[in-house]
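J.: Just so it is clear, I am handing over coords.pdb, which has PDB, C-alpha atoms.
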```pdb
ATOM      1  CA  MET A   1     -15.645   7.652  -9.358  1.00  0.00           C
ATOM      2  CA  ILE A   2     -18.233  10.423  -9.133  1.00  0.00           C
ATOM      3  CA  GLU A   3     -19.665   9.400 -12.508  1.00  0.00           C
ATOM      4  CA  HIS A   4     -19.957   5.813 -11.292  1.00  0.00           C
ATOM      5  CA  VAL A   5     -21.846   6.950  -8.172  1.00  0.00           C
ATOM      6  CA  CYS A   6     -24.162   9.144 -10.248  1.00  0.00           C
ATOM      7  CA  ARG A   7     -24.999   6.309 -12.622  1.00  0.00           C
ATOM      8  CA  ARG A   8     -25.835   3.974  -9.748  1.00  0.00           C
ATOM      9  CA  ALA A   9     -27.983   6.578  -8.008  1.00  0.00           C
ATOM     10  CA  ALA A  10     -29.880   7.346 -11.201  1.00  0.00           C
ATOM     11  CA  ALA A  11     -30.708   3.642 -11.584  1.00  0.00           C
ATOM     12  CA  ALA A  12     -32.819   3.637  -8.405  1.00  0.00           C
ATOM     13  CA  PRO A  13     -36.520   3.556  -9.447  1.00  0.00           C
ATOM     14  CA  SER A  14     -37.550   6.191  -6.886  1.00  0.00           C
ATOM     15  CA  VAL A  15     -34.951   8.741  -8.010  1.00  0.00           C
ATOM     16  CA  GLY A  16     -36.376  11.458 -10.238  1.00  0.00           C
ATOM     17  CA  ALA A  17     -33.176  13.440 -10.739  1.00  0.00           C
ATOM     18  CA  VAL A  18     -29.520  13.374  -9.698  1.00  0.00           C
ATOM     19  CA  VAL A  19     -27.805  16.604  -8.699  1.00  0.00           C
ATOM     20  CA  VAL A  20     -24.179  16.849  -7.548  1.00  0.00           C
ATOM     21  CA  ALA A  21     -23.660  19.505  -4.868  1.00  0.00           C
ATOM     22  CA  THR A  22     -20.055  20.686  -4.618  1.00  0.00           C
ATOM     23  CA  ASP A  23     -18.047  23.785  -3.791  1.00  0.00           C
ATOM     24  CA  ASP A  24     -15.276  22.776  -6.219  1.00  0.00           C
ATOM     25  CA  ALA A  25     -15.569  24.148  -9.753  1.00  0.00           C
ATOM     26  CA  ARG A  26     -13.356  21.335 -11.059  1.00  0.00           C
ATOM     27  CA  ILE A  27     -15.811  18.704  -9.809  1.00  0.00           C
ATOM     28  CA  ALA A  28     -18.753  20.663 -11.211  1.00  0.00           C
ATOM     29  CA  GLU A  29     -17.081  20.850 -14.609  1.00  0.00           C
ATOM     30  CA  ALA A  30     -16.308  17.115 -14.618  1.00  0.00           C
ATOM     31  CA  VAL A  31     -19.870  16.244 -13.616  1.00  0.00           C
ATOM     32  CA  GLU A  32     -21.459  18.398 -16.283  1.00  0.00           C
ATOM     33  CA  ALA A  33     -19.151  16.822 -18.866  1.00  0.00           C
ATOM     34  CA  PHE A  34     -20.875  13.461 -18.404  1.00  0.00           C
ATOM     35  CA  GLY A  35     -24.347  14.981 -18.444  1.00  0.00           C
ATOM     36  CA  VAL A  36     -25.320  15.310 -14.769  1.00  0.00           C
ATOM     37  CA  VAL A  37     -26.468  18.575 -13.202  1.00  0.00           C
ATOM     38  CA  ALA A  38     -23.897  20.154 -10.886  1.00  0.00           C
ATOM     39  CA  TRP A  39     -24.790  22.750  -8.248  1.00  0.00           C
ATOM     40  CA  LEU A  40     -21.907  24.943  -7.134  1.00  0.00           C
ATOM     41  CA  THR A  41     -22.567  25.687  -3.465  1.00  0.00           C
ATOM     42  CA  ALA A  42     -21.060  27.968  -0.864  1.00  0.00           C
ATOM     43  CA  ALA A  43     -17.741  26.797   0.552  1.00  0.00           C
ATOM     44  CA  GLY A  44     -18.458  27.224   4.261  1.00  0.00           C
ATOM     45  CA  HIS A  45     -20.855  24.357   4.955  1.00  0.00           C
ATOM     46  CA  ARG A  46     -20.116  22.291   8.062  1.00  0.00           C
ATOM     47  CA  SER A  47     -21.330  18.989   6.624  1.00  0.00           C
ATOM     48  CA  GLY A  48     -22.679  17.273   3.554  1.00  0.00           C
ATOM     49  CA  SER A  49     -26.249  17.639   4.797  1.00  0.00           C
ATOM     50  CA  ASP A  50     -25.779  21.373   5.227  1.00  0.00           C
ATOM     51  CA  ARG A  51     -24.499  21.595   1.652  1.00  0.00           C
ATOM     52  CA  LEU A  52     -27.420  19.488   0.462  1.00  0.00           C
ATOM     53  CA  ALA A  53     -29.881  21.776   2.226  1.00  0.00           C
ATOM     54  CA  GLU A  54     -28.651  24.735   0.178  1.00  0.00           C
ATOM     55  CA  VAL A  55     -29.670  22.857  -2.960  1.00  0.00           C
ATOM     56  CA  ALA A  56     -32.887  21.494  -1.439  1.00  0.00           C
ATOM     57  CA  SER A  57     -34.068  25.012  -0.598  1.00  0.00           C
ATOM     58  CA  ALA A  58     -34.510  25.610  -4.329  1.00  0.00           C
ATOM     59  CA  LEU A  59     -36.116  22.239  -5.103  1.00  0.00           C
ATOM     60  CA  THR A  60     -39.689  21.017  -4.798  1.00  0.00           C
ATOM     61  CA  SER A  61     -39.024  17.299  -4.319  1.00  0.00           C
ATOM     62  CA  PRO A  62     -40.670  16.094  -1.067  1.00  0.00           C
ATOM     63  CA  ILE A  63     -37.884  13.578  -0.384  1.00  0.00           C
ATOM     64  CA  ILE A  64     -34.159  14.247  -0.757  1.00  0.00           C
ATOM     65  CA  VAL A  65     -31.536  11.480  -0.704  1.00  0.00           C
ATOM     66  CA  ASN A  66     -27.946  12.205   0.274  1.00  0.00           C
ATOM     67  CA  VAL A  67     -25.502   9.874  -1.496  1.00  0.00           C
ATOM     68  CA  GLN A  68     -21.821  10.523  -0.842  1.00  0.00           C
ATOM     69  CA  GLY A  69     -19.746  10.988  -3.980  1.00  0.00           C
ATOM     70  CA  ASP A  70     -16.911   8.930  -2.497  1.00  0.00           C
ATOM     71  CA  GLU A  71     -19.090   5.828  -1.952  1.00  0.00           C
ATOM     72  CA  PRO A  72     -18.718   3.970  -5.286  1.00  0.00           C
ATOM     73  CA  LEU A  73     -20.227   0.741  -3.933  1.00  0.00           C
ATOM     74  CA  VAL A  74     -23.648   2.317  -3.453  1.00  0.00           C
ATOM     75  CA  GLN A  75     -26.401   0.182  -4.957  1.00  0.00           C
ATOM     76  CA  PRO A  76     -29.733   1.441  -6.334  1.00  0.00           C
ATOM     77  CA  ALA A  77     -31.410  -0.994  -3.917  1.00  0.00           C
ATOM     78  CA  MET A  78     -29.843   0.830  -0.968  1.00  0.00           C
ATOM     79  CA  ILE A  79     -31.550   4.051  -2.004  1.00  0.00           C
ATOM     80  CA  GLU A  80     -34.866   2.236  -2.277  1.00  0.00           C
ATOM     81  CA  GLU A  81     -34.380   0.779   1.212  1.00  0.00           C
ATOM     82  CA  ALA A  82     -33.708   4.220   2.696  1.00  0.00           C
ATOM     83  CA  VAL A  83     -36.680   5.857   0.973  1.00  0.00           C
ATOM     84  CA  ALA A  84     -39.227   3.120   1.792  1.00  0.00           C
ATOM     85  CA  PRO A  85     -39.949   4.165   5.424  1.00  0.00           C
ATOM     86  CA  LEU A  86     -40.577   7.765   4.358  1.00  0.00           C
ATOM     87  CA  LEU A  87     -43.119   6.575   1.799  1.00  0.00           C
ATOM     88  CA  ALA A  88     -44.803   4.245   4.280  1.00  0.00           C
ATOM     89  CA  ASP A  89     -44.951   6.438   7.389  1.00  0.00           C
ATOM     90  CA  PRO A  90     -45.517  10.211   7.269  1.00  0.00           C
ATOM     91  CA  SER A  91     -44.210  10.595  10.829  1.00  0.00           C
ATOM     92  CA  ILE A  92     -40.693   9.545   9.792  1.00  0.00           C
ATOM     93  CA  THR A  93     -38.554  12.476   8.699  1.00  0.00           C
ATOM     94  CA  MET A  94     -35.036  11.034   8.296  1.00  0.00           C
ATOM     95  CA  THR A  95     -33.645   7.596   7.519  1.00  0.00           C
ATOM     96  CA  THR A  96     -30.291   5.906   7.096  1.00  0.00           C
ATOM     97  CA  LEU A  97     -28.895   2.386   6.670  1.00  0.00           C
ATOM     98  CA  ARG A  98     -27.127  -0.098   8.919  1.00  0.00           C
ATOM     99  CA  ARG A  99     -25.483  -3.441   8.286  1.00  0.00           C
ATOM    100  CA  ARG A 100     -24.343  -6.225  10.561  1.00  0.00           C
ATOM    101  CA  LEU A 101     -20.696  -5.554  11.399  1.00  0.00           C
ATOM    102  CA  VAL A 102     -18.823  -8.769  10.678  1.00  0.00           C
ATOM    103  CA  ASP A 103     -15.186  -7.688  10.373  1.00  0.00           C
ATOM    104  CA  ALA A 104     -13.633  -7.653  13.850  1.00  0.00           C
ATOM    105  CA  ALA A 105     -11.078  -5.055  12.763  1.00  0.00           C
ATOM    106  CA  ASP A 106     -13.891  -2.630  11.917  1.00  0.00           C
ATOM    107  CA  ARG A 107     -15.060  -2.524  15.527  1.00  0.00           C
ATOM    108  CA  SER A 108     -12.014  -0.553  16.622  1.00  0.00           C
ATOM    109  CA  ASP A 109     -11.604   1.440  13.394  1.00  0.00           C
ATOM    110  CA  PRO A 110     -12.726   5.047  14.035  1.00  0.00           C
ATOM    111  CA  ASN A 111     -13.394   5.489  10.315  1.00  0.00           C
ATOM    112  CA  VAL A 112     -16.099   2.810  10.542  1.00  0.00           C
ATOM    113  CA  VAL A 113     -19.060   4.406  12.292  1.00  0.00           C
ATOM    114  CA  LYS A 114     -21.153   2.193  14.551  1.00  0.00           C
ATOM    115  CA  VAL A 115     -24.829   2.690  15.424  1.00  0.00           C
ATOM    116  CA  VAL A 116     -26.936   1.454  18.341  1.00  0.00           C
ATOM    117  CA  VAL A 117     -30.679   1.156  17.718  1.00  0.00           C
ATOM    118  CA  ASP A 118     -33.866   0.647  19.699  1.00  0.00           C
ATOM    119  CA  ARG A 119     -36.423  -2.138  19.236  1.00  0.00           C
ATOM    120  CA  GLU A 120     -38.085  -0.292  16.357  1.00  0.00           C
ATOM    121  CA  GLY A 121     -34.851   0.387  14.516  1.00  0.00           C
ATOM    122  CA  PHE A 122     -34.537   4.045  15.488  1.00  0.00           C
ATOM    123  CA  ALA A 123     -31.000   5.204  16.211  1.00  0.00           C
ATOM    124  CA  LEU A 124     -30.044   5.651  19.852  1.00  0.00           C
ATOM    125  CA  TYR A 125     -26.465   6.712  19.178  1.00  0.00           C
ATOM    126  CA  PHE A 126     -23.775   6.798  16.505  1.00  0.00           C
ATOM    127  CA  SER A 127     -20.117   6.525  17.437  1.00  0.00           C
ATOM    128  CA  ARG A 128     -16.638   5.981  16.091  1.00  0.00           C
ATOM    129  CA  ALA A 129     -15.993   3.939  19.228  1.00  0.00           C
ATOM    130  CA  PRO A 130     -16.764   0.180  19.412  1.00  0.00           C
ATOM    131  CA  VAL A 131     -20.362   0.318  20.666  1.00  0.00           C
ATOM    132  CA  PRO A 132     -22.154  -1.474  22.129  1.00  0.00           C
ATOM    133  CA  PHE A 133     -19.565  -2.864  24.524  1.00  0.00           C
ATOM    134  CA  ALA A 134     -20.226  -6.598  25.013  1.00  0.00           C
ATOM    135  CA  ARG A 135     -19.808  -7.166  28.756  1.00  0.00           C
ATOM    136  CA  HIS A 136     -20.633 -10.857  28.297  1.00  0.00           C
ATOM    137  CA  GLU A 137     -19.807 -13.255  25.478  1.00  0.00           C
ATOM    138  CA  ALA A 138     -23.458 -14.292  25.219  1.00  0.00           C
ATOM    139  CA  ALA A 139     -24.676 -10.798  24.349  1.00  0.00           C
ATOM    140  CA  PRO A 140     -27.969 -10.770  22.373  1.00  0.00           C
ATOM    141  CA  ALA A 141     -27.412 -10.723  18.615  1.00  0.00           C
ATOM    142  CA  ASP A 142     -30.055  -8.001  18.212  1.00  0.00           C
ATOM    143  CA  ALA A 143     -27.801  -5.614  20.120  1.00  0.00           C
ATOM    144  CA  GLY A 144     -25.387  -5.469  17.214  1.00  0.00           C
ATOM    145  CA  PRO A 145     -22.770  -4.385  16.529  1.00  0.00           C
ATOM    146  CA  TRP A 146     -24.144  -2.512  13.538  1.00  0.00           C
ATOM    147  CA  LYS A 147     -22.091  -0.678  10.963  1.00  0.00           C
ATOM    148  CA  HIS A 148     -23.584   2.614   9.860  1.00  0.00           C
ATOM    149  CA  ILE A 149     -23.863   3.095   6.111  1.00  0.00           C
ATOM    150  CA  GLY A 150     -23.720   6.836   5.463  1.00  0.00           C
ATOM    151  CA  LEU A 151     -26.592   7.173   3.025  1.00  0.00           C
ATOM    152  CA  TYR A 152     -29.451   9.390   4.229  1.00  0.00           C
ATOM    153  CA  ALA A 153     -32.971  10.186   3.055  1.00  0.00           C
ATOM    154  CA  TYR A 154     -34.900  13.197   4.383  1.00  0.00           C
ATOM    155  CA  ARG A 155     -38.203  14.897   3.972  1.00  0.00           C
ATOM    156  CA  ARG A 156     -37.258  18.185   2.368  1.00  0.00           C
ATOM    157  CA  GLU A 157     -38.813  20.286   5.143  1.00  0.00           C
ATOM    158  CA  PHE A 158     -36.889  18.402   7.799  1.00  0.00           C
ATOM    159  CA  LEU A 159     -33.602  18.709   5.918  1.00  0.00           C
ATOM    160  CA  LEU A 160     -33.991  22.487   5.935  1.00  0.00           C
ATOM    161  CA  THR A 161     -34.815  22.412   9.653  1.00  0.00           C
ATOM    162  CA  PHE A 162     -31.879  20.131  10.391  1.00  0.00           C
ATOM    163  CA  ALA A 163     -29.399  22.339   8.538  1.00  0.00           C
ATOM    164  CA  ALA A 164     -30.576  25.372  10.517  1.00  0.00           C
ATOM    165  CA  LEU A 165     -29.891  23.716  13.889  1.00  0.00           C
ATOM    166  CA  PRO A 166     -26.738  24.811  15.718  1.00  0.00           C
ATOM    167  CA  PRO A 167     -23.867  22.308  15.911  1.00  0.00           C
ATOM    168  CA  SER A 168     -24.268  20.068  18.955  1.00  0.00           C
ATOM    169  CA  PRO A 169     -21.632  18.957  21.491  1.00  0.00           C
ATOM    170  CA  LEU A 170     -21.670  15.273  20.530  1.00  0.00           C
ATOM    171  CA  GLU A 171     -21.637  16.116  16.835  1.00  0.00           C
ATOM    172  CA  LEU A 172     -18.521  18.213  17.347  1.00  0.00           C
ATOM    173  CA  THR A 173     -16.917  15.604  19.613  1.00  0.00           C
ATOM    174  CA  GLU A 174     -17.398  12.633  17.279  1.00  0.00           C
ATOM    175  CA  SER A 175     -17.445  14.660  14.041  1.00  0.00           C
ATOM    176  CA  LEU A 176     -20.707  12.953  13.052  1.00  0.00           C
ATOM    177  CA  GLU A 177     -23.398  15.252  11.706  1.00  0.00           C
ATOM    178  CA  GLN A 178     -26.275  12.835  12.393  1.00  0.00           C
ATOM    179  CA  LEU A 179     -25.739  13.269  16.131  1.00  0.00           C
ATOM    180  CA  ARG A 180     -27.024  16.826  15.740  1.00  0.00           C
ATOM    181  CA  ALA A 181     -30.468  15.454  14.934  1.00  0.00           C
ATOM    182  CA  LEU A 182     -30.474  13.099  17.933  1.00  0.00           C
ATOM    183  CA  GLU A 183     -29.221  15.762  20.348  1.00  0.00           C
ATOM    184  CA  HIS A 184     -32.005  18.092  19.263  1.00  0.00           C
ATOM    185  CA  GLY A 185     -34.626  15.416  19.900  1.00  0.00           C
ATOM    186  CA  TYR A 186     -35.302  14.195  16.364  1.00  0.00           C
ATOM    187  CA  ARG A 187     -35.530  10.497  15.489  1.00  0.00           C
ATOM    188  CA  ILE A 188     -33.592   8.741  12.738  1.00  0.00           C
ATOM    189  CA  LYS A 189     -35.066   5.530  11.375  1.00  0.00           C
ATOM    190  CA  THR A 190     -32.405   2.983  10.416  1.00  0.00           C
ATOM    191  CA  VAL A 191     -32.987   0.233   7.883  1.00  0.00           C
ATOM    192  CA  GLU A 192     -30.969  -2.977   7.871  1.00  0.00           C
ATOM    193  CA  THR A 193     -29.348  -3.633   4.517  1.00  0.00           C
ATOM    194  CA  ALA A 194     -27.440  -6.593   3.127  1.00  0.00           C
ATOM    195  CA  TRP A 195     -25.258  -4.249   1.073  1.00  0.00           C
ATOM    196  CA  ASP A 196     -21.964  -2.869   2.284  1.00  0.00           C
ATOM    197  CA  SER A 197     -20.246   0.366   1.353  1.00  0.00           C
ATOM    198  CA  VAL A 198     -16.687   1.649   1.511  1.00  0.00           C
ATOM    199  CA  GLY A 199     -15.899   5.352   1.608  1.00  0.00           C
ATOM    200  CA  VAL A 200     -12.815   6.233  -0.417  1.00  0.00           C
ATOM    201  CA  ASP A 201     -10.689   8.406   1.861  1.00  0.00           C
ATOM    202  CA  THR A 202      -7.239   6.974   1.164  1.00  0.00           C
ATOM    203  CA  PRO A 203      -5.336   5.274  -1.699  1.00  0.00           C
ATOM    204  CA  ALA A 204      -5.765   1.999   0.197  1.00  0.00           C
ATOM    205  CA  ASP A 205      -9.545   2.506   0.209  1.00  0.00           C
ATOM    206  CA  LEU A 206      -9.456   3.079  -3.549  1.00  0.00           C
ATOM    207  CA  GLU A 207      -7.560  -0.146  -4.148  1.00  0.00           C
ATOM    208  CA  LYS A 208     -10.009  -2.046  -1.919  1.00  0.00           C
ATOM    209  CA  VAL A 209     -12.959  -0.690  -3.885  1.00  0.00           C
ATOM    210  CA  ARG A 210     -11.334  -1.553  -7.197  1.00  0.00           C
ATOM    211  CA  ARG A 211     -10.879  -5.147  -6.042  1.00  0.00           C
ATOM    212  CA  LEU A 212     -14.481  -5.374  -4.884  1.00  0.00           C
ATOM    213  CA  LEU A 213     -15.851  -3.925  -8.115  1.00  0.00           C
ATOM    214  CA  ALA A 214     -13.704  -6.300 -10.155  1.00  0.00           C
ATOM    215  CA  ALA A 215     -15.035  -9.248  -8.148  1.00  0.00           C
ATOM    216  CA  GLY A 216     -18.696  -8.650  -8.886  1.00  0.00           C
ATOM    217  CA  PRO A 217     -21.577  -6.204  -9.454  1.00  0.00           C
TER     218      PRO A 217
END
```
Could you render the structure as structure tokens?
T.:
Amino acid sequence: MIEHVCRRAAAAPSVGAVVVATDDARIAEAVEAFGVVAWLTAAGHRSGSDRLAEVASALTSPIIVNVQGDEPLVQPAMIEEAVAPLLADPSITMTTLRRRLVDAADRSDPNVVKVVVDREGFALYFSRAPVPFARHEAAPADAGPWKHIGLYAYRREFLLTFAALPPSPLELTESLEQLRALEHGYRIKTVETAWDSVGVDTPADLEKVRRLLAAGP
């Protein structure tokens, strides 16, 4: 699975290099066996972004993209979508993706993170709860619900700043690292994507992904 993710990430035109950050020597060994650079990090990081920042501190790339190794449905186009706002607007420091949430069961699934955005697409809040709550059946379509796709792009300097921030109350409550940025007053630009993604956390997730991959590209 990790090789599949690496190959897809490397196919994105804006990606100059793929590095796998892990604290597991077994993963590092497997990654290096198929020719991708592995970076063995410290074991005590609170989140994936914190782990990524350890690697980024030794890099010179102005933009760093965080692709989860357990997201085999990631498409090169998704990386391009996340990077585009950073290339177009120097004031934007962090981006992520969102997709229209169409499966009713996902609204109440705490493993499916929801995001609420403002009129310019900046995140107002991320939650495992079904937000926004539709008080009326005729709620505006622009209100969502939106599914958060956990792919992030950062300016390198901001990633280092973000990783140095103390954990925030909402981050700890929801166990969502991106809330740390919002609670400390930083903005996260979200980009609507047509692509979906499934994180592989359980055997059932793995079987779902296998079926989806077998059905098409």
J.: List the neighbours of Leu172 (chain A) out to 12 Å using all atoms listed in the file; skip same-chain residues closer than 4 positions along the sequence, and give me the result as a short mmCIF file (atom, residue, chain, number, x, y, z; two decimals) with C-alpha atoms, keeping the file's coordinate frame.
T.:
```cif
data_model
loop_
_atom_site.label_atom_id
_atom_site.label_comp_id
_atom_site.auth_asym_id
_atom_site.auth_seq_id
_atom_site.Cartn_x
_atom_site.Cartn_y
_atom_site.Cartn_z
CA ARG A 46 -20.12 22.29 8.06
CA SER A 47 -21.33 18.99 6.62
CA SER A 127 -20.12 6.52 17.44
CA PRO A 166 -26.74 24.81 15.72
CA PRO A 167 -23.87 22.31 15.91
CA SER A 168 -24.27 20.07 18.95
CA LEU A 176 -20.71 12.95 13.05
CA GLU A 177 -23.40 15.25 11.71
CA GLN A 178 -26.28 12.84 12.39
CA LEU A 179 -25.74 13.27 16.13
CA ARG A 180 -27.02 16.83 15.74
CA GLU A 183 -29.22 15.76 20.35
#
```
J.: Identify which of the residues A:Gly48, A:Pro76, A:Pro62, A:Gly121 lies closest to Cys6 (chain A), counting all atoms listed in the file when measuring atom-to-atom distances.
T.: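 Looking only at the distances to Cys6 (chain A), the closest residue turns out to be A:Pro76.
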J.: To one decimal place, how far is CA of Ala12 (chain A) from CA of Phe34 (chain A) in Å?
T.: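 Spanning CA of Ala12 (chain A) to CA of Phe34 (chain A) is a straight-line distance of 18.4 Å.
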J.: Which is closest to Ser108 (chain A) among A:Leu40, A:Ala129, A:Met78, A:Ala215, if we use only C-alpha atoms?
T.: A:Ala129
J.: Find the distance between CA of Ala38 (chain A) and CA of Met1 (chain A) and write it in Å to one decimal.
T.: 15.1 Å
J.: Once the PyMOL selection byres ((chain A and resi 115) around 12) has been applied to the shown file, what residues remain in the selection, as a PyMOL selection string?
T.: chain A and resi 96-101+107+112-114+116-118+121-133+143-150+176+178-179+188-192
J.: Hey, which of A:Arg210, A:Val5, A:His184, A:Phe162 ends up closest to Gly69 (chain A)? Count only C-alpha atoms.
T.: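 The shortest atom-to-atom distance to Gly69 (chain A) comes from A:Val5.
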J.: Could you work out how far CA of Val65 (chain A) lies from CA of Tyr154 (chain A), giving the answer in Å with one decimal?
T.: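 CA of Val65 (chain A) lies 6.3 Å from CA of Tyr154 (chain A).
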J.: Pick the closest to Ile27 (chain A) from A:Glu3, A:Pro140, A:Ala77, A:Glu207: which is it, counting all atoms listed in the file?
T.: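 The shortest atom-to-atom distance to Ile27 (chain A) comes from A:Glu3.
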J.: Excluding region 86-90 of chain A and its own-chain neighbours fewer than 2 positions away, which residues fall within 10 Å of it when counting all atoms listed in the file? Please give them as number ranges by chain.
T.: A: 62-63, 81-84, 92-95, 153-155, 189
